[in-house]
Each structure stands twice: as structure tokens, then as C-alpha cells.
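Chemist: Supplied structure: entry.pdb, PDB, C-alpha atoms and all ligand atoms.
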```pdb
ATOM      1  CA  MET M   1     -34.406 -29.649   5.376
ATOM      2  CA  THR M   2     -36.382 -29.544   8.583
ATOM      3  CA  GLY M   3     -40.115 -29.689   8.095
ATOM      4  CA  ASP M   4     -42.512 -27.405   9.862
ATOM      5  CA  LEU M   5     -45.444 -29.075  11.594
ATOM      6  CA  GLN M   6     -47.610 -25.954  11.335
ATOM      7  CA  GLY M   7     -50.933 -27.021   9.816
ATOM      8  CA  ARG M   8     -49.694 -30.549   9.042
ATOM      9  CA  ALA M   9     -52.084 -33.467   9.374
ATOM     10  CA  VAL M  10     -50.665 -35.975  11.847
ATOM     11  CA  VAL M  11     -52.299 -39.315  12.684
ATOM     12  CA  ILE M  12     -50.912 -41.190  15.676
ATOM     13  CA  VAL M  13     -52.196 -44.748  16.077
ATOM     14  CA  GLY M  14     -51.544 -45.463  19.753
ATOM     15  CA  GLY M  15     -51.633 -41.735  20.461
ATOM     16  CA  THR M  16     -53.992 -41.933  23.428
ATOM     17  CA  SER M  17     -51.420 -42.976  26.036
ATOM     18  CA  GLY M  18     -47.734 -43.091  26.914
ATOM     19  CA  ILE M  19     -45.192 -42.398  24.161
ATOM     20  CA  GLY M  20     -47.855 -41.793  21.503
ATOM     21  CA  LEU M  21     -49.710 -39.275  23.663
ATOM     22  CA  ALA M  22     -46.472 -37.426  24.421
ATOM     23  CA  ALA M  23     -45.706 -37.282  20.687
ATOM     24  CA  ALA M  24     -49.256 -36.082  19.981
ATOM     25  CA  ARG M  25     -49.007 -33.296  22.571
ATOM     26  CA  GLN M  26     -45.644 -32.132  21.220
ATOM     27  CA  ALA M  27     -46.804 -32.262  17.584
ATOM     28  CA  LYS M  28     -49.884 -30.223  18.501
ATOM     29  CA  ALA M  29     -47.723 -27.693  20.361
ATOM     30  CA  ALA M  30     -45.678 -27.359  17.144
ATOM     31  CA  GLY M  31     -48.831 -26.462  15.219
ATOM     32  CA  ALA M  32     -49.914 -29.824  13.790
ATOM     33  CA  SER M  33     -53.505 -30.934  13.450
ATOM     34  CA  VAL M  34     -53.392 -34.229  15.360
ATOM     35  CA  ILE M  35     -55.808 -37.147  15.254
ATOM     36  CA  VAL M  36     -55.198 -39.849  17.858
ATOM     37  CA  VAL M  37     -56.314 -43.458  17.482
ATOM     38  CA  GLY M  38     -56.635 -45.757  20.488
ATOM     39  CA  PHE M  39     -58.138 -49.118  21.291
ATOM     40  CA  ASP M  40     -60.729 -47.744  23.689
ATOM     41  CA  PRO M  41     -62.972 -45.194  21.905
ATOM     42  CA  ALA M  42     -64.200 -43.598  25.130
ATOM     43  CA  GLY M  43     -60.639 -43.161  26.339
ATOM     44  CA  ALA M  44     -59.596 -41.733  22.976
ATOM     45  CA  GLU M  45     -62.407 -39.186  23.094
ATOM     46  CA  ARG M  46     -61.535 -38.199  26.655
ATOM     47  CA  VAL M  47     -57.826 -37.765  25.845
ATOM     48  CA  ALA M  48     -58.506 -35.830  22.625
ATOM     49  CA  THR M  49     -60.901 -33.486  24.408
ATOM     50  CA  GLU M  50     -58.538 -32.968  27.317
ATOM     51  CA  HIS M  51     -55.581 -32.095  25.066
ATOM     52  CA  GLY M  52     -57.498 -30.276  22.319
ATOM     53  CA  PHE M  53     -56.558 -32.663  19.519
ATOM     54  CA  ALA M  54     -58.216 -32.259  16.128
ATOM     55  CA  GLY M  55     -59.883 -35.656  16.370
ATOM     56  CA  TRP M  56     -59.927 -39.142  17.791
ATOM     57  CA  ARG M  57     -60.802 -42.612  16.600
ATOM     58  CA  GLY M  58     -61.234 -46.014  18.214
ATOM     59  CA  ALA M  59     -59.906 -49.077  16.395
ATOM     60  CA  ASP M  60     -58.298 -52.436  17.031
ATOM     61  CA  VAL M  61     -55.149 -52.474  14.904
ATOM     62  CA  ARG M  62     -55.411 -56.269  14.727
ATOM     63  CA  LYS M  63     -58.704 -55.926  12.837
ATOM     64  CA  PRO M  64     -58.273 -54.369   9.361
ATOM     65  CA  ASP M  65     -61.976 -53.454   9.039
ATOM     66  CA  THR M  66     -61.829 -51.302  12.162
ATOM     67  CA  ILE M  67     -58.732 -49.510  10.830
ATOM     68  CA  THR M  68     -60.483 -48.929   7.504
ATOM     69  CA  ALA M  69     -63.528 -47.486   9.285
ATOM     70  CA  ALA M  70     -61.405 -45.313  11.584
ATOM     71  CA  LEU M  71     -59.438 -43.721   8.751
ATOM     72  CA  ALA M  72     -62.207 -43.590   6.133
ATOM     73  CA  ASP M  73     -62.995 -39.873   6.443
ATOM     74  CA  ILE M  74     -59.431 -38.606   6.763
ATOM     75  CA  PRO M  75     -58.632 -37.066   3.361
ATOM     76  CA  HIS M  76     -54.914 -36.472   3.761
ATOM     77  CA  VAL M  77     -52.119 -37.475   6.157
ATOM     78  CA  ASP M  78     -48.722 -35.751   6.258
ATOM     79  CA  HIS M  79     -47.228 -37.776   9.082
ATOM     80  CA  LEU M  80     -48.383 -41.222  10.164
ATOM     81  CA  VAL M  81     -47.112 -42.654  13.456
ATOM     82  CA  LEU M  82     -47.816 -46.277  14.389
ATOM     83  CA  LEU M  83     -47.170 -46.970  18.059
ATOM     84  CA  ALA M  84     -50.110 -49.115  19.129
ATOM     85  CA  GLY M  85     -49.113 -52.268  20.883
ATOM     86  CA  THR M  86     -49.009 -54.271  24.088
ATOM     87  CA  PHE M  87     -46.252 -56.136  25.905
ATOM     88  CA  VAL M  88     -46.606 -59.623  24.428
ATOM     89  CA  ALA M  89     -44.591 -61.968  26.626
ATOM     90  CA  GLY M  90     -44.421 -65.757  26.613
ATOM     91  CA  LYS M  91     -41.890 -68.466  25.993
ATOM     92  CA  VAL M  92     -41.966 -70.089  22.573
ATOM     93  CA  LEU M  93     -42.312 -73.632  23.913
ATOM     94  CA  GLU M  94     -44.938 -72.760  26.505
ATOM     95  CA  ALA M  95     -47.155 -69.802  25.622
ATOM     96  CA  ASP M  96     -50.460 -69.919  23.784
ATOM     97  CA  ILE M  97     -49.675 -69.522  20.076
ATOM     98  CA  ASP M  98     -52.492 -67.022  19.473
ATOM     99  CA  HIS M  99     -51.076 -64.843  22.224
ATOM    100  CA  LEU M 100     -47.609 -64.917  20.651
ATOM    101  CA  ARG M 101     -49.040 -64.192  17.207
ATOM    102  CA  ARG M 102     -50.409 -60.966  18.650
ATOM    103  CA  ALA M 103     -46.891 -59.465  18.701
ATOM    104  CA  PHE M 104     -46.779 -59.570  14.895
ATOM    105  CA  GLU M 105     -50.477 -58.713  14.412
ATOM    106  CA  GLU M 106     -50.143 -55.500  16.448
ATOM    107  CA  ARG M 107     -46.974 -54.464  14.675
ATOM    108  CA  ILE M 108     -46.211 -55.913  11.226
ATOM    109  CA  TRP M 109     -49.728 -56.696  10.043
ATOM    110  CA  ALA M 110     -51.215 -53.587  11.639
ATOM    111  CA  ALA M 111     -48.649 -51.436   9.817
ATOM    112  CA  ILE M 112     -49.278 -53.139   6.490
ATOM    113  CA  ASN M 113     -53.056 -52.867   6.837
ATOM    114  CA  THR M 114     -52.915 -49.232   7.905
ATOM    115  CA  LEU M 115     -50.632 -48.264   5.024
ATOM    116  CA  ARG M 116     -52.809 -50.109   2.508
ATOM    117  CA  THR M 117     -55.881 -48.403   3.947
ATOM    118  CA  LEU M 118     -54.368 -44.931   3.619
ATOM    119  CA  GLY M 119     -52.765 -45.573   0.232
ATOM    120  CA  GLU M 120     -52.250 -42.394  -1.766
ATOM    121  CA  ARG M 121     -53.783 -40.312   1.025
ATOM    122  CA  LEU M 122     -50.328 -40.409   2.631
ATOM    123  CA  ALA M 123     -48.554 -37.292   1.364
ATOM    124  CA  PRO M 124     -45.619 -37.936  -0.997
ATOM    125  CA  ASN M 125     -43.472 -35.571   1.081
ATOM    126  CA  GLY M 126     -44.735 -37.083   4.323
ATOM    127  CA  SER M 127     -43.357 -39.572   6.808
ATOM    128  CA  VAL M 128     -44.181 -42.825   8.544
ATOM    129  CA  THR M 129     -42.797 -43.684  11.975
ATOM    130  CA  PHE M 130     -42.890 -47.184  13.456
ATOM    131  CA  ILE M 131     -41.998 -48.406  16.938
ATOM    132  CA  SER M 132     -39.665 -51.218  17.898
ATOM    133  CA  GLY M 133     -37.786 -51.358  21.207
ATOM    134  CA  ALA M 134     -34.461 -52.171  22.829
ATOM    135  CA  LEU M 135     -35.570 -55.809  22.958
ATOM    136  CA  ALA M 136     -34.963 -55.993  19.207
ATOM    137  CA  ASP M 137     -31.232 -55.817  19.967
ATOM    138  CA  ARG M 138     -31.194 -57.183  23.506
ATOM    139  CA  PRO M 139     -33.843 -59.884  24.036
ATOM    140  CA  THR M 140     -34.109 -61.571  27.429
ATOM    141  CA  ALA M 141     -34.578 -65.165  28.513
ATOM    142  CA  GLN M 142     -37.918 -64.251  30.122
ATOM    143  CA  GLY M 143     -40.210 -64.905  27.167
ATOM    144  CA  THR M 144     -39.464 -61.908  24.977
ATOM    145  CA  ALA M 145     -38.067 -63.683  21.896
ATOM    146  CA  VAL M 146     -41.221 -63.268  19.797
ATOM    147  CA  LEU M 147     -41.745 -59.621  20.769
ATOM    148  CA  ALA M 148     -38.063 -59.006  20.010
ATOM    149  CA  ALA M 149     -38.521 -60.603  16.587
ATOM    150  CA  ALA M 150     -41.658 -58.552  15.849
ATOM    151  CA  SER M 151     -39.837 -55.373  16.927
ATOM    152  CA  ALA M 152     -36.773 -56.125  14.799
ATOM    153  CA  ALA M 153     -39.111 -56.896  11.903
ATOM    154  CA  MET M 154     -40.538 -53.367  12.159
ATOM    155  CA  GLU M 155     -37.055 -51.962  11.661
ATOM    156  CA  ALA M 156     -36.555 -54.125   8.570
ATOM    157  CA  LEU M 157     -40.019 -53.223   7.256
ATOM    158  CA  ALA M 158     -39.196 -49.520   7.639
ATOM    159  CA  ARG M 159     -36.000 -49.907   5.635
ATOM    160  CA  GLY M 160     -37.832 -51.721   2.842
ATOM    161  CA  LEU M 161     -40.701 -49.248   2.795
ATOM    162  CA  ALA M 162     -38.310 -46.299   2.703
ATOM    163  CA  LEU M 163     -37.591 -47.554  -0.800
ATOM    164  CA  GLU M 164     -41.052 -48.825  -1.722
ATOM    165  CA  LEU M 165     -42.986 -45.734  -0.535
ATOM    166  CA  ALA M 166     -40.340 -43.185  -1.620
ATOM    167  CA  PRO M 167     -40.191 -40.238  -1.553
ATOM    168  CA  ARG M 168     -42.089 -40.686   1.705
ATOM    169  CA  ARG M 169     -39.673 -41.223   4.587
ATOM    170  CA  VAL M 170     -40.060 -44.282   6.832
ATOM    171  CA  ASN M 171     -38.241 -44.652  10.170
ATOM    172  CA  THR M 172     -38.459 -46.579  13.421
ATOM    173  CA  LEU M 173     -38.150 -45.331  16.979
ATOM    174  CA  SER M 174     -36.542 -47.841  19.333
ATOM    175  CA  PRO M 175     -37.084 -46.804  22.946
ATOM    176  CA  GLY M 176     -35.478 -48.368  25.970
ATOM    177  CA  THR M 177     -37.700 -49.135  28.936
ATOM    178  CA  THR M 178     -39.914 -46.082  29.248
ATOM    179  CA  ASP M 179     -42.087 -45.137  32.181
ATOM    180  CA  THR M 180     -45.600 -45.238  30.726
ATOM    181  CA  PRO M 181     -48.970 -46.732  31.692
ATOM    182  CA  LEU M 182     -47.903 -49.870  29.765
ATOM    183  CA  LEU M 183     -45.186 -50.530  32.311
ATOM    184  CA  ALA M 184     -47.543 -50.099  35.255
ATOM    185  CA  ARG M 185     -50.160 -52.323  33.613
ATOM    186  CA  THR M 186     -47.670 -55.038  32.732
ATOM    187  CA  LEU M 187     -45.911 -55.167  36.099
ATOM    188  CA  GLY M 188     -48.770 -54.324  38.467
ATOM    189  CA  ALA M 189     -47.654 -54.443  42.088
ATOM    190  CA  ASN M 190     -44.094 -55.347  41.027
ATOM    191  CA  ARG M 191     -43.623 -52.074  39.139
ATOM    192  CA  ASP M 192     -41.739 -50.078  41.772
ATOM    193  CA  GLY M 193     -39.343 -52.919  42.645
ATOM    194  CA  TYR M 194     -38.672 -53.633  38.971
ATOM    195  CA  VAL M 195     -38.057 -49.974  38.161
ATOM    196  CA  ALA M 196     -35.671 -49.548  41.113
ATOM    197  CA  SER M 197     -33.608 -52.629  40.305
ATOM    198  CA  LEU M 198     -33.500 -51.871  36.565
ATOM    199  CA  ALA M 199     -32.514 -48.246  37.163
ATOM    200  CA  GLU M 200     -29.535 -49.334  39.241
ATOM    201  CA  ARG M 201     -28.131 -51.216  36.247
ATOM    202  CA  LEU M 202     -28.644 -48.427  33.677
ATOM    203  CA  PRO M 203     -26.006 -45.818  32.758
ATOM    204  CA  LEU M 204     -28.358 -42.930  33.563
ATOM    205  CA  ARG M 205     -29.782 -44.693  36.670
ATOM    206  CA  ARG M 206     -33.318 -44.100  35.465
ATOM    207  CA  LEU M 207     -35.902 -45.141  32.902
ATOM    208  CA  GLY M 208     -36.812 -42.974  29.937
ATOM    209  CA  THR M 209     -39.831 -40.708  29.992
ATOM    210  CA  ALA M 210     -42.687 -40.667  27.501
ATOM    211  CA  GLU M 211     -41.760 -37.053  26.704
ATOM    212  CA  GLU M 212     -38.200 -38.044  25.734
ATOM    213  CA  ALA M 213     -39.435 -40.800  23.429
ATOM    214  CA  GLY M 214     -42.193 -38.512  22.110
ATOM    215  CA  SER M 215     -39.706 -35.801  21.159
ATOM    216  CA  ALA M 216     -37.773 -38.391  19.137
ATOM    217  CA  VAL M 217     -40.981 -39.183  17.245
ATOM    218  CA  VAL M 218     -41.380 -35.489  16.412
ATOM    219  CA  PHE M 219     -37.727 -35.373  15.314
ATOM    220  CA  LEU M 220     -38.325 -38.298  12.926
ATOM    221  CA  MET M 221     -41.395 -36.526  11.520
ATOM    222  CA  THR M 222     -39.665 -33.223  10.978
ATOM    223  CA  ASN M 223     -36.072 -33.961   9.964
ATOM    224  CA  GLY M 224     -36.424 -34.299   6.219
ATOM    225  CA  PHE M 225     -33.238 -36.337   5.770
ATOM    226  CA  MET M 226     -33.988 -39.074   8.320
ATOM    227  CA  ASN M 227     -35.001 -42.101   6.279
ATOM    228  CA  GLY M 228     -34.843 -45.884   6.712
ATOM    229  CA  GLU M 229     -33.335 -45.291  10.143
ATOM    230  CA  THR M 230     -33.790 -46.822  13.569
ATOM    231  CA  LEU M 231     -33.442 -44.136  16.226
ATOM    232  CA  HIS M 232     -32.507 -45.514  19.652
ATOM    233  CA  VAL M 233     -33.692 -43.461  22.604
ATOM    234  CA  ASP M 234     -32.618 -45.753  25.399
ATOM    235  CA  GLY M 235     -30.251 -43.826  27.667
ATOM    236  CA  GLY M 236     -27.460 -46.173  26.622
ATOM    237  CA  SER M 237     -29.241 -49.261  27.966
ATOM    238  CA  ARG M 238     -27.897 -51.366  25.085
ATOM    239  CA  LEU M 239     -24.358 -50.655  26.274
ATOM    240  CA  VAL M 240     -24.711 -52.504  29.570
TER     241      VAL M 240
HETATM  242  N1  LIG M 301     -42.943 -48.384  27.460
HETATM  243  C1  LIG M 301     -41.862 -49.058  27.087
HETATM  244  O1  LIG M 301     -40.968 -49.351  27.900
HETATM  245  C2  LIG M 301     -41.697 -49.478  25.655
HETATM  246  C3  LIG M 301     -40.436 -49.912  25.230
HETATM  247  C4  LIG M 301     -40.274 -50.316  23.904
HETATM  248  C5  LIG M 301     -41.345 -50.304  23.026
HETATM  249  N2  LIG M 301     -42.568 -49.894  23.480
HETATM  250  C6  LIG M 301     -43.674 -49.917  22.534
HETATM  251  O2  LIG M 301     -44.128 -48.596  22.365
HETATM  252  C7  LIG M 301     -45.523 -48.596  22.047
HETATM  253  C8  LIG M 301     -46.221 -47.616  22.956
HETATM  254  O3  LIG M 301     -45.981 -48.053  24.292
HETATM  255  P1  LIG M 301     -46.409 -47.211  25.575
HETATM  256  O4  LIG M 301     -45.490 -47.625  26.652
HETATM  257  O5  LIG M 301     -46.583 -45.796  25.239
HETATM  258  O6  LIG M 301     -47.841 -47.927  25.853
HETATM  259  P2  LIG M 301     -49.250 -47.391  26.391
HETATM  260  O7  LIG M 301     -49.092 -46.229  27.282
HETATM  261  O8  LIG M 301     -49.942 -48.606  26.901
HETATM  262  O9  LIG M 301     -49.984 -46.907  25.034
HETATM  263  C9  LIG M 301     -50.336 -47.846  24.059
HETATM  264  C10 LIG M 301     -51.203 -47.193  23.025
HETATM  265  O10 LIG M 301     -51.540 -48.168  22.018
HETATM  266  C11 LIG M 301     -52.960 -48.301  21.932
HETATM  267  N3  LIG M 301     -53.280 -49.697  21.595
HETATM  268  C12 LIG M 301     -52.856 -50.824  22.212
HETATM  269  N4  LIG M 301     -53.349 -51.912  21.590
HETATM  270  C13 LIG M 301     -54.107 -51.452  20.561
HETATM  271  C14 LIG M 301     -54.880 -52.067  19.551
HETATM  272  N5  LIG M 301     -54.993 -53.407  19.471
HETATM  273  N6  LIG M 301     -55.511 -51.281  18.670
HETATM  274  C15 LIG M 301     -55.423 -49.923  18.726
HETATM  275  N7  LIG M 301     -54.702 -49.285  19.657
HETATM  276  C16 LIG M 301     -54.056 -50.028  20.563
HETATM  277  C17 LIG M 301     -53.455 -47.874  23.288
HETATM  278  O11 LIG M 301     -54.836 -47.523  23.240
HETATM  279  P3  LIG M 301     -55.732 -47.681  24.604
HETATM  280  O12 LIG M 301     -55.103 -46.735  25.599
HETATM  281  O13 LIG M 301     -57.111 -47.341  24.198
HETATM  282  O14 LIG M 301     -55.575 -49.123  25.030
HETATM  283  C18 LIG M 301     -52.532 -46.690  23.564
HETATM  284  O15 LIG M 301     -52.924 -45.559  22.815
HETATM  285  C19 LIG M 301     -46.000 -50.028  22.211
HETATM  286  O16 LIG M 301     -46.075 -50.623  20.940
HETATM  287  C20 LIG M 301     -44.884 -50.683  23.020
HETATM  288  O17 LIG M 301     -44.775 -52.070  22.756
HETATM  289  C21 LIG M 301     -42.758 -49.461  24.757
END
```
Can you dump the structure from the file as C-alpha cells?
Modeler:
Amino acid sequence: MTGDLQGRAVVIVGGTSGIGLAAARQAKAAGASVIVVGFDPAGAERVATEHGFAGWRGADVRKPDTITAALADIPHVDHLVLLAGTFVAGKVLEADIDHLRRAFEERIWAAINTLRTLGERLAPNGSVTFISGALADRPTAQGTAVLAAASAAMEALARGLALELAPRRVNTLSPGTTDTPLLARTLGANRDGYVASLAERLPLRRLGTAEEAGSAVVFLMTNGFMNGETLHVDGGSRLV
């Protein structure tokens, strides 16, 4: 059964930029009432106004009290999407431990806190979508082991919660490298060179777009038989 998004209440944490914003725009186009949550409240308000979303909130997903405050007045959520996160890089033997811990705080603990905050307000016939990433399967030697572990943990958490929160569906989107503001922010002046050399090695000779990843989020929300799954939208990057 494929669900209709018409009139559905969708909350996208991390919906103010990149993949989350693309998913928010597509869900709204399909008739959903979308609330976006971002780290920067002013940015969230600007984005929500620009795209005509039903609402916006500012919160730091690493701080449970800010999540509680942000979601306090939302009576009902049909589809919850948790995409907020940063590129946490650093080698295990070298990096600051609080920095590395951030990978799990933004993902695992943020998801647990958000779900506990919403509780029974999450519709029984609704869905939850997490984010992981190709790193979960293909980590690199350049300080991505902890982020890879946090990403893989999201996939495992989704499988467990698909049972624990049933009949709600819980899935994970695993994108390959996707051209979003995160990439530009992380790489700075090296962005163009990195993108060109990575693209050469990929089967499709290009990175993914936020729209492609966003449409996979909408698919996970609306396909009523997708459950406990990790959906890879990576252009085949794991094959090379
Ligand atoms: N782009 C990729 O290649 C790629 C690949 C695999 C996985 N991912 C994952 O996909 C997710 C989205 O990535 P993206 O590329 O779309 O990034 P993006 O454009 O930087 O968007 C990130 C979103 O998360 C929000 N956010 C970040 N930290 C937050 C916090 N502590 N509390 C609340 N909101 C927070 C941001 O809000 P503000 O705009 O207000 O900061 C923004 O809405 C991330 O978790 C990322 O790790 C990305």
C-alpha cells in the first residue's frame, strides 16, 4: 500500500538544508504539512518562509531540552525524518574525544531523545526515517571510522525499532556523497578538486544530488511495505 502525503504531518529534523530540505520540498509538493527543524533558528525561519512550509523550529539535536521545547506544541506526527548531522572526522588515536562523541550524539542519541519526546504523538500508521551514509559500508583511512560506526548504528537502530515501535515503519536512507552545502562547508576551497577527482572514480561519473536523496526519503515515507530497511542511493559508489 502506498501512502498519500496529502494532509499528512511531516517533521523533518535537518530539513532546512541539503537532503532534508529537498525531502521537505518534495513532501510539501505532494500535499504534506511540513515542519522543518534546523540548528539555526533564523535560517530555519527564512527557509520555511521561502518554501511555504507549515512551520519551523530551531533546536540542537545534541541537547534533549531543546528538542523537547521544539516539538512541544506539535500534537501529531505522521512521518518523522531525522537527518540532522555534521561531518564528524578525526582519527581515533588523535582527535579530541568530545569531537568524536558528536558523531553518536547527533545520530543515535538525537534519534532516541526525539522519539522519546514525541512518544505516542507519532502516528501508529506512520514512519520514521533515519540517515546513515555509504561510509557505513565503506569507511576510509582518513578519520571516518567513528562516523562510519555511528552511521552503521543508525541502520541497526532502525531495524530494532521497526520491531519495538511497530506497526510504525522505521527505515534508513544511506546516501553516497551528495552535493549539498555540507560538502562545500566541509571541503572549503578544496571542494571543486575533490568533487572532480571523486567523480572520475564513480560509475556515474558524478555525485548525487539532494533532490535524488530527497526523493528516496519520500519513497520511504510513502511505501507502506518498506520497513527495517536501509535504502542505498549512492549511484553504485559501493561497487567501486
Ligand atoms: N552530503 C553527503 O554527502 C552525505 C552523505 C552521507 C550522509 N549524509 C548525512 O546526511 C545528513 C544531511 O546532510 P546534508 O548533506 O544534507 O547536510 P546539510 O546541507 O549541512 O544539512 C544539515 C541539516 O542538519 C541540521 N543540523 C546540523 N546539526 C544540527 C544540530 N546539532 N541540531 C539540529 N540541526 C542540525 C542543519 O541545520 P542548520 O542549517 O541550521 O545548520 C541542516 O538542516 C547529515 O546527517 C549527513 O551526515 C550526507
Chemist: Within 7 Å of ligand LIG 301 (chain M), which residues of chain M come that close, and what is the closest atom pair and distance in Å for each? Count all atoms listed in the file and give it as a tab-separated table.
Modeler:
```
residue	atom	partner	partner_atom	distance
M:Val13	CA	M:LIG301	N7	6.3
M:Gly14	CA	M:LIG301	O15	3.4
M:Gly15	CA	M:LIG301	O15	4.7
M:Thr16	CA	M:LIG301	O15	3.8
M:Ser17	CA	M:LIG301	O7	4.2
M:Gly18	CA	M:LIG301	O5	3.4
M:Ile19	CA	M:LIG301	O5	3.8
M:Gly20	CA	M:LIG301	O5	5.6
M:Val37	CA	M:LIG301	N7	6.4
M:Gly38	CA	M:LIG301	O11	3.7
M:Phe39	CA	M:LIG301	O13	3.6
M:Asp40	CA	M:LIG301	O13	3.7
M:Pro41	CA	M:LIG301	O13	6.6
M:Gly43	CA	M:LIG301	O13	5.9
M:Ala44	CA	M:LIG301	O13	6.3
M:Ala59	CA	M:LIG301	C15	5.1
M:Asp60	CA	M:LIG301	N6	3.4
M:Val61	CA	M:LIG301	N6	4.0
M:Arg62	CA	M:LIG301	N5	5.6
M:Leu83	CA	M:LIG301	C7	4.6
M:Ala84	CA	M:LIG301	O10	3.4
M:Gly85	CA	M:LIG301	O16	3.5
M:Thr86	CA	M:LIG301	O17	5.0
M:Phe87	CA	M:LIG301	O17	5.4
M:Glu106	CA	M:LIG301	N5	6.1
M:Ile131	CA	M:LIG301	O2	5.8
M:Ser132	CA	M:LIG301	C5	5.5
M:Gly133	CA	M:LIG301	C4	3.8
M:Ala134	CA	M:LIG301	C4	6.2
M:Ser174	CA	M:LIG301	C4	6.4
M:Pro175	CA	M:LIG301	C4	4.8
M:Gly176	CA	M:LIG301	C3	5.2
M:Thr177	CA	M:LIG301	O1	3.4
M:Thr178	CA	M:LIG301	O1	3.7
M:Asp179	CA	M:LIG301	N1	5.8
M:Thr180	CA	M:LIG301	O4	4.7
M:Pro181	CA	M:LIG301	O7	4.4
M:Leu182	CA	M:LIG301	O8	3.7
M:Leu183	CA	M:LIG301	N1	5.8
M:Ala210	CA	M:LIG301	O5	6.8
```
Chemist: I'd like the interatomic distance between atom CA of M:Thr114 and atom CA of M:Leu71, to a tenth of an Å.
Modeler: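 Separation of atom CA of M:Thr114 and atom CA of M:Leu71: 8.6 Å.
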Chemist: I'd like the residues picked by the PyMOL selection byres (((chain M and resi 195) around 12) and not hetatm) written out as a list in words, using the chain letters and numbers from the file.
Modeler: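 With the shown file as input, the PyMOL selection byres (((chain M and resi 195) around 12) and not hetatm) matches Thr177, Thr178, Asp179, Thr180, Leu183, Ala184, Leu187, Gly188, Ala189, Asn190, Arg191, Asp192, Gly193, Tyr194, Ala196, Ser197, Leu198, Ala199, Glu200, Arg201, Leu202, Arg205, Arg206, Leu207 and Gly208 of chain M.
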Chemist: Would you compute the box with edges along x, y and z of the file around stretch 164-181 of chain M, including every atom the file lists for it and 3 Å extra on each side, and give its centre and edge lengths in Å to one decimal, as AutoDock Vina command-line options?
Modeler:
```
--center_x -42.2 --center_y -44.7 --center_z 15.2 --size_x 19.5 --size_y 14.9 --size_z 39.9
```
Chemist: I'd like the contact shell of M:Ala149 - 9 Å cut-off, only C-alpha atoms, skipping same-chain residues fewer than 5 positions apart - returned as a PyMOL selection string.
Modeler: chain M and resi 103-104+135-136+139+144+154
Chemist: Just want the 12 Å neighbourhood of M:Phe130, counted on only C-alpha atoms, with same-chain residues fewer than 2 positions away dropped. Output as a PyMOL selection string.
Modeler: chain M and resi 12-14+19-20+79-85+106-108+110-112+114-115+127-128+132-133+150-159+161-162+169-175+216-217+220-221+227-231
Chemist: Any chance you could resolve the PyMOL selection byres (((chain M and resi 51) around 10) and not hetatm) against this file and give the residues as a list in words?
Modeler: Leu21, Ala24, Arg25, Lys28, Arg46, Val47, Ala48, Thr49, Glu50, Gly52, Phe53 and Ala54 of chain M
Chemist: Applying 7 Å and all atoms listed in the file, which residues near M:Arg8 remain after dropping the ones on its own chain fewer than 6 positions away? List them as JSON, numbers by chain.
Modeler: {"M": [32, 33, 78]}
Chemist: Deliver the residues from the most recent selection as a file, using C-alpha atoms, as a short mmCIF file (atom, residue, chain, number, x, y, z; two decimals), keeping the file's coordinate frame.
Modeler:
```cif
data_model
loop_
_atom_site.label_atom_id
_atom_site.label_comp_id
_atom_site.auth_asym_id
_atom_site.auth_seq_id
_atom_site.Cartn_x
_atom_site.Cartn_y
_atom_site.Cartn_z
CA ALA M 32 -49.91 -29.82 13.79
CA SER M 33 -53.50 -30.93 13.45
CA ASP M 78 -48.72 -35.75 6.26
#
```
Chemist: Report the distance between atom CA of M:Asn113 and atom CA of M:Leu165 in Å, rounded to one decimal place.
Modeler: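 Atom CA of M:Asn113 sits 14.4 Å away from atom CA of M:Leu165.
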Chemist: Considering all atoms listed in the file, can you say which of M:Glu120, M:Asp234, M:Asp4, M:Glu94 comes closest to M:Ala29?
Modeler: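 Checking each of M:Glu120, M:Asp234, M:Asp4, M:Glu94 against M:Ala29, counting all atoms listed in the file, the winner is M:Asp4.
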Chemist: Which of these residues is nearest to M:Ser215, using all atoms listed in the file: M:Val11, M:Ala27, M:Ala89, M:Leu5?
Modeler: M:Ala27
Chemist: Please report the interatomic distance between atom CA of M:Pro203 and atom CA of M:Thr140 in Å with one decimal.
Modeler: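 A separation of 18.5 Å between them.
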Chemist: Check which residues satisfy the PyMOL selection byres (((chain M and resi 76) around 12) and not hetatm) in the file shown, then give them as an mmCIF file with C-alpha atoms, keeping the file's coordinate frame.
Modeler:
```
data_model
loop_
_atom_site.group_PDB
_atom_site.id
_atom_site.type_symbol
_atom_site.label_atom_id
_atom_site.label_comp_id
_atom_site.auth_asym_id
_atom_site.auth_seq_id
_atom_site.Cartn_x
_atom_site.Cartn_y
_atom_site.Cartn_z
ATOM 1 C CA GLY M 7 -50.933 -27.021 9.816
ATOM 2 C CA ARG M 8 -49.694 -30.549 9.042
ATOM 3 C CA ALA M 9 -52.084 -33.467 9.374
ATOM 4 C CA VAL M 10 -50.665 -35.975 11.847
ATOM 5 C CA VAL M 11 -52.299 -39.315 12.684
ATOM 6 C CA SER M 33 -53.505 -30.934 13.450
ATOM 7 C CA VAL M 34 -53.392 -34.229 15.360
ATOM 8 C CA ILE M 35 -55.808 -37.147 15.254
ATOM 9 C CA LEU M 71 -59.438 -43.721 8.751
ATOM 10 C CA ALA M 72 -62.207 -43.590 6.133
ATOM 11 C CA ASP M 73 -62.995 -39.873 6.443
ATOM 12 C CA ILE M 74 -59.431 -38.606 6.763
ATOM 13 C CA PRO M 75 -58.632 -37.066 3.361
ATOM 14 C CA VAL M 77 -52.119 -37.475 6.157
ATOM 15 C CA ASP M 78 -48.722 -35.751 6.258
ATOM 16 C CA HIS M 79 -47.228 -37.776 9.082
ATOM 17 C CA LEU M 80 -48.383 -41.222 10.164
ATOM 18 C CA THR M 117 -55.881 -48.403 3.947
ATOM 19 C CA LEU M 118 -54.368 -44.931 3.619
ATOM 20 C CA GLY M 119 -52.765 -45.573 0.232
ATOM 21 C CA GLU M 120 -52.250 -42.394 -1.766
ATOM 22 C CA ARG M 121 -53.783 -40.312 1.025
ATOM 23 C CA LEU M 122 -50.328 -40.409 2.631
ATOM 24 C CA ALA M 123 -48.554 -37.292 1.364
ATOM 25 C CA PRO M 124 -45.619 -37.936 -0.997
ATOM 26 C CA ASN M 125 -43.472 -35.571 1.081
ATOM 27 C CA GLY M 126 -44.735 -37.083 4.323
#
```
Chemist: Would you list the residues near (-38.0, -29.7, 7.9) (no more than 9 Å away, in the coordinates of the file, using all atoms listed in the file) as a list in words?
Modeler: Met1, Thr2, Gly3, Asp4, Leu5, Met221, Thr222, Asn223, Gly224 and Phe225 of chain M
